[in-house]
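Peer 1: Would you mind keeping the following structure in view while I ask a few things?
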Amino acid sequence: MSEAASSSFTRLDPRIQRWIWRQQWDQLRDVQEQAIPVVLAGERDVLIGAATASGKTEAAFFPALTGLLQARDSGHAPAPLLLYVAPLKALINDQVGRLELLTEGTELALTPWHGDVSTSRKTRFGKKPGGVLLITPESLEAMFVRRGTEIARLFGGLRQIIIDEWHAFIGTERGIQLQSQMNRLEVVLQRRIPRVGLSATLGDMSLAANELRPGEGDTVIPIVSTHGEQALHVQLRGYERLPPKTAPKEAETLSRQGKDVPIEDVTHGDELDIRDHLFKHLRGKSNLIFANRKRDVELYAELLRRKSQDQRLPEEFFVHHGSLSRDLRHHVEQSLKAGKPLSVVCTSTLEMGVDIGSVASIAQIGPPHQVASLRQRLGRSGRRGDPAVLRLYVTESSLSPHTPFLDRLRPGVFQAAAMVELLVEGWCEPPPSGYLHLSTLIQQVMSLIAQYGGASANDLWRALIKSGPFRQVSQAQFTALLRAMGAAELLVQSNDGLLLHGWVGERLVNHYDFYAAFSAPEEYTLYHGAKVIGKLPIDSPIETGGLLVFAGRRWLIQDIDADRKAISLMPSAGGILPLFGGNAGLIRREIRERMRRLYIEGEVPRFLNRGAARLFAQGGTFFREAQLETTSIVQEADQTLLLPWQSDQVLNTLALLLRRLGLAAEREGVAVTVQKSDIDMVRQGLEHAVAHPPTSAVELAAVAENKINEKYDQYLPEELLCSEFASRFLDLEGALETAGALLACR
DNA sequence: GACCTGCTGCGGCGTG
């Protein structure tokens, strides 16, 4: 360590300094230099923004552990405690391993606490709290519920909270749950506990800071890595849909006759072309191939694997997604980490989390859904000074006189191109904010009552809303929520006004399902003999004797056991790709605006290959033919389309405004379509909407169907469900403005 | 037109 290194270094505990020496680091990273003094001071909240593997975890732990060791050595009572919260169990396990080395010889207790940790280890912490506690939000929730009266004792010595991968929490159910838990700790301890958020440099730091300390984001100290941006090599490849060799109906007839139909024969020609390109360019190196859907992950893994087999090459294409068993995923992660040349077809499971080292390139099949996730994926490539390499593969439908209007615009190519441009310019989606999170509020009300053995409405209001993170919820909404919880027998009121669990609430809180704030579908476990392969959602249409492609292998479904929720598989020659359900995300205004600009300027971005450039030209020509530069309302046969190039929230709202007037309006891709209508009808509808707008987005939400999305939404009365829906999916102001603009142009 | 994440307490049984 050089002299200049550093006043920061000299302030660390000597035991930590020795560890740094042993690593033979010649200097601290810049985020570490910046973070050490402020985290060590232990007074303010800190948000550290830096890419994966930039040393931000150490930036938090070096000073936090220094403070912890000093407090312990000075005999501080109660025993000082550092809390680390992470979104993944795997991250906690990794972290414990690293901390064990870092704290060697200090006799500092490290306690991982999640579902896979033994009860004995948890009991040990209960008997002697202190040291470092590493936990998930769900396990922390369980502590509040099961050990409510012990919270003050267990966390009495708490000095700081470090939150890993903070960006992954923001805007989600788990994010607001964690905010609420941190606040509840402060309520019990009656003091402010400094928070240290670790985050990828995504979006706007000030928004992320305001989520770290809700309402007081400006008091959070931001620390951003000054590390230079890496070079980026990107290519967008375009394909046109080509039919499979054997049509689906024909294939079904053949297989019913007992004939074996190879998967290549029922796969679209463009998908085989993409496979060939991947095979040719990725073999021999390590790569990540992201596909948007698990079905496609299985498809491409299978196609690539079979091609390797045909050419008698060693197996080097693998699968990784969230439905695979932990063992299978772990094996792939370890092989990647060991530096073996292998390509993994995967979903967002390999976007963050455990360290897998660096790969040669990233492939993305299908247009990405978010610039933020595209950037996160790119961060996995080209770490050691090499440029990051990104290949995007986008298929558009084939052109014929019957090709639908929206497909002729080639929206996939334009969306992908817009996202790459925004990525290069350094833009990405800010974290979502403004949601009510009423489902998670129901969970937190139930949990607080469990913690204290009952609570008054006023106690709940103060702990969750007035001083807590649910500040978007009004008093009237909160009262309505409690009343609805009473009606659903989640709550009952005792004679002295104390709120307790009703019989439904009791049953809910006493099941381990309660601790997670997010909902997950019920799944069947897949077995090959005694070995667990993975899990399938039970809504998949499967039956005994059926075929399945899963985990990059082909299987025959031998047995389905509904009681054990188990499916037995045996290897087979054929296989069918399973479909997994899911909800799509929301596209932001900035992306749609950039798409429009690309259409208007018509200049082919340099990163497009020939195929993509051709599709780009087709889309641009069609855009001009349809005069979309000057008008955004067009008619095709008996449907009318609105193309305002706005956010999905604006499109949702426009569709509802028209539906309210009895028009068959729907959001469809980049447009709002209105069936059985003409331009005049739609213009009249928009005029009426502008002249007589609904009083609020909440009122408009009543028109929407299927508003239940989150875990406890089913307990919300219609009015609150509408409020929640409006806060997430609608933008009335934006929609009325857009309607005005649509009417202004002819 | 999608992906991902998480989980207690207790009874029963084997082992030292």
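Each chain of the structure tokens is named A, B, ... in the order shown, its residues numbered from 1; ligands are numbered from 1 in display order.
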Please check the contacts: residues of chain B at most 9 Å away from chain A, using only C-alpha atoms (C1' of nucleotides), listed as a tab-separated table (two decimals) with N, CA, C and O atoms (P, O5', C5', C4', C3', O3' and C1' of nucleotides), in the first residue's frame.
Peer 2:
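Once everything was written out, this is iface_5.tsv:
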chain	number	residue	atom	x	y	z
B	1	DG	P	-46.20	-11.88	-28.64
B	1	DG	O5'	-45.64	-11.53	-27.21
B	1	DG	C5'	-44.32	-11.17	-27.00
B	1	DG	C4'	-44.23	-10.74	-25.58
B	1	DG	C3'	-45.24	-11.41	-24.65
B	1	DG	O3'	-44.53	-11.74	-23.49
B	1	DG	C1'	-45.35	-9.11	-24.36
B	2	DA	P	-44.79	-13.10	-22.77
B	2	DA	O5'	-43.57	-13.19	-21.79
B	2	DA	C5'	-42.29	-12.75	-22.27
B	2	DA	C4'	-41.36	-12.78	-21.11
B	2	DA	C3'	-41.81	-13.72	-19.99
B	2	DA	O3'	-40.85	-14.72	-19.94
B	2	DA	C1'	-40.99	-11.69	-19.13
B	3	DC	P	-41.02	-15.94	-18.94
B	3	DC	O5'	-39.96	-15.58	-17.80
B	3	DC	C5'	-38.58	-15.51	-18.17
B	3	DC	C4'	-37.84	-14.71	-17.15
B	3	DC	C3'	-37.88	-15.25	-15.73
B	3	DC	O3'	-36.78	-16.11	-15.56
B	3	DC	C1'	-38.02	-12.87	-15.81
B	4	DC	P	-36.84	-17.12	-14.36
B	4	DC	O5'	-36.48	-16.21	-13.11
B	4	DC	C5'	-35.20	-15.58	-13.05
B	4	DC	C4'	-35.16	-14.73	-11.82
B	4	DC	C3'	-35.52	-15.50	-10.56
B	4	DC	O3'	-34.32	-15.96	-9.97
B	4	DC	C1'	-36.55	-13.33	-10.62
B	5	DT	P	-34.38	-17.11	-8.89
B	5	DT	O5'	-34.71	-16.34	-7.54
B	5	DT	C5'	-33.84	-15.32	-7.08
B	5	DT	C4'	-34.50	-14.59	-5.94
B	5	DT	C3'	-35.02	-15.51	-4.85
B	5	DT	O3'	-34.12	-15.45	-3.76
B	5	DT	C1'	-36.59	-13.76	-5.42
B	6	DG	P	-33.79	-16.67	-2.89
B	6	DG	O5'	-34.91	-16.52	-1.78
B	6	DG	C5'	-34.94	-15.34	-0.98
B	6	DG	C4'	-36.12	-15.45	-0.06
B	6	DG	C3'	-36.11	-16.74	0.77
B	6	DG	O3'	-35.56	-16.44	2.03
B	6	DG	C1'	-38.25	-16.38	-0.26
B	7	DC	P	-35.17	-17.60	2.97
B	7	DC	O5'	-36.53	-18.11	3.60
B	7	DC	C5'	-37.25	-17.29	4.49
B	7	DC	C4'	-38.42	-18.05	5.01
B	7	DC	C3'	-38.08	-19.47	5.52
B	7	DC	O3'	-38.56	-19.61	6.83
B	7	DC	C1'	-39.93	-19.53	4.06
B	8	DT	P	-37.50	-19.72	8.00
B	8	DT	O5'	-38.49	-19.96	9.22
B	8	DT	C5'	-39.44	-18.95	9.55
B	8	DT	C4'	-40.33	-19.50	10.64
B	8	DT	C3'	-39.59	-20.27	11.74
B	8	DT	O3'	-40.27	-20.00	12.95
B	8	DT	C1'	-41.08	-21.74	10.63
Peer 1: I need the residues in stretch 38-255 of chain A that are strand (DSSP E) according to DSSP; give them as a ChimeraX atom specification.
Peer 2: /A:46-49,81-85,110-113,131-135,158-163,195-199,221-224,232-240
Peer 1: Do a neighbour search on A:Thr631 at 10 Å with only C-alpha atoms (C1' of nucleotides), toss out local chain neighbours closer than 3 positions, and write the hits as a list in words.
Peer 2: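 Final neighbour list, sorted by chain and number: Ala626, Gln627, Leu628, Val634, Leu642, Leu643, Pro644, Ala741, Leu742, Leu743, Ala744, Cys745 and Arg746 of chain A.
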Peer 1: Please, could you write that set of residues out with C-alpha atoms as a JSON list (two decimals), in the first residue's frame?
Peer 2:
[["chain", "number", "residue", "atom", "x", "y", "z"],
["A", 626, "ALA", "CA", -48.69, 5.66, -43.48],
["A", 627, "GLN", "CA", -47.76, 9.33, -42.89],
["A", 628, "LEU", "CA", -47.07, 8.61, -39.25],
["A", 634, "VAL", "CA", -54.68, 5.69, -38.80],
["A", 642, "LEU", "CA", -53.43, 5.33, -32.21],
["A", 643, "LEU", "CA", -49.65, 5.66, -32.36],
["A", 644, "PRO", "CA", -48.60, 8.49, -30.06],
["A", 741, "ALA", "CA", -51.90, 16.39, -29.26],
["A", 742, "LEU", "CA", -53.49, 13.57, -31.29],
["A", 743, "LEU", "CA", -56.51, 15.75, -32.02],
["A", 744, "ALA", "CA", -54.36, 18.72, -32.99],
["A", 745, "CYS", "CA", -52.78, 16.90, -35.93],
["A", 746, "ARG", "CA", -54.83, 15.75, -38.87]]
Peer 1: Can you tell me, as a PyMOL selection string, what residues are no more than 7 Å from stretch 472-482 of chain A when counting only C-alpha atoms (C1' of nucleotides), ignoring any on the same chain fewer than 3 positions away?
Peer 2: chain A and resi 436+485-486+716
Peer 1: Identify which of the residues A:Gln618, A:Glu705, A:Glu625, A:Arg72 lies closest to A:Leu399, counting only C-alpha atoms when measuring atom-to-atom distances.
Peer 2: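 Smallest distance to A:Leu399 is found for A:Gln618.
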Peer 1: What gap, in Å, lies between atom CA of A:Leu12 and atom CA of A:Pro129?
Peer 2: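 One can read the atom CA of A:Leu12 to atom CA of A:Pro129 distance as 24.0 Å.
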Peer 1: Give the helix (DSSP H, G or I) residues of stretch 95-137 of chain A, as assigned by DSSP on the backbone, as a PyMOL selection string.
Peer 2: chain A and resi 95-102+119-127+137
Peer 1: Just give me the gap between atom CA of A:Gly502 and atom CA of A:Leu441 in Å, one decimal is fine.
Peer 2: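 Pair atom CA of A:Gly502 / atom CA of A:Leu441 returns 16.8 Å.
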Peer 1: Using atom CA of A:Asp563 and atom CA of A:Gly529 as the two end points, give the distance in Å to one decimal.
Peer 2: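 If I compute the distance from atom CA of A:Asp563 to atom CA of A:Gly529, I get 17.6 Å.
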Peer 1: Mind checking which residues fall within 9 Å of stretch 304-311 of chain A, counting only C-alpha atoms (C1' of nucleotides), ignoring those fewer than 2 positions away in the same chain, and posting them as a PyMOL selection string?
Peer 2: chain A and resi 275-276+278-279+299-302+313-318+552
Peer 1: List the spatial neighbours of A:His528 as a list in words - criterion: any atom at most 10 Å away, only C-alpha atoms (C1' of nucleotides), same-chain residues fewer than 6 positions off excluded.
Peer 2: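 Contacts, with the query itself left out: Gly534, Trp555, Ile557, Gln558, Ile567, Ser568, Leu569, Met570 and Pro571 of chain A.
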Peer 1: So that I have them on file, write out the residues from the current selection with N, CA and C atoms, as a tab-separated table (two decimals), in the first residue's frame.
Peer 2:
chain	number	residue	atom	x	y	z
A	534	GLY	N	-35.99	-29.83	-11.35
A	534	GLY	CA	-36.48	-28.46	-11.32
A	534	GLY	C	-37.95	-28.41	-10.94
A	555	TRP	N	-37.55	-35.44	-22.18
A	555	TRP	CA	-38.11	-36.33	-21.15
A	555	TRP	C	-39.48	-36.87	-21.54
A	557	ILE	N	-42.97	-37.92	-19.53
A	557	ILE	CA	-43.62	-37.79	-18.22
A	557	ILE	C	-44.19	-39.14	-17.81
A	558	GLN	N	-43.57	-39.70	-16.75
A	558	GLN	CA	-43.87	-41.07	-16.35
A	558	GLN	C	-45.05	-41.09	-15.39
A	567	ILE	N	-43.65	-34.69	-10.23
A	567	ILE	CA	-43.73	-35.28	-11.57
A	567	ILE	C	-42.47	-36.12	-11.79
A	568	SER	N	-42.66	-37.40	-12.16
A	568	SER	CA	-41.50	-38.25	-12.44
A	568	SER	C	-41.23	-38.25	-13.94
A	569	LEU	N	-39.96	-38.09	-14.28
A	569	LEU	CA	-39.57	-38.05	-15.69
A	569	LEU	C	-38.62	-39.19	-16.00
A	570	MET	N	-38.64	-39.64	-17.25
A	570	MET	CA	-37.55	-40.50	-17.72
A	570	MET	C	-37.07	-39.98	-19.06
A	571	PRO	N	-35.76	-40.17	-19.32
A	571	PRO	CA	-35.21	-39.64	-20.57
A	571	PRO	C	-35.96	-40.19	-21.78
Peer 1: Mind checking which residues fall within 6 Å of stretch 653-656 of chain A, counting only C-alpha atoms (C1' of nucleotides), ignoring those fewer than 6 positions away in the same chain, and posting them as a VMD selection string?
Peer 2: chain A and resid 665 to 666 730 735
Peer 1: From the options A:Ala360, A:Leu207, A:Leu336, A:Val266, which residue's atoms come nearest to A:Arg283, counting only C-alpha atoms?
Peer 2: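 Selected residue with least distance to A:Arg283: A:Ala360.
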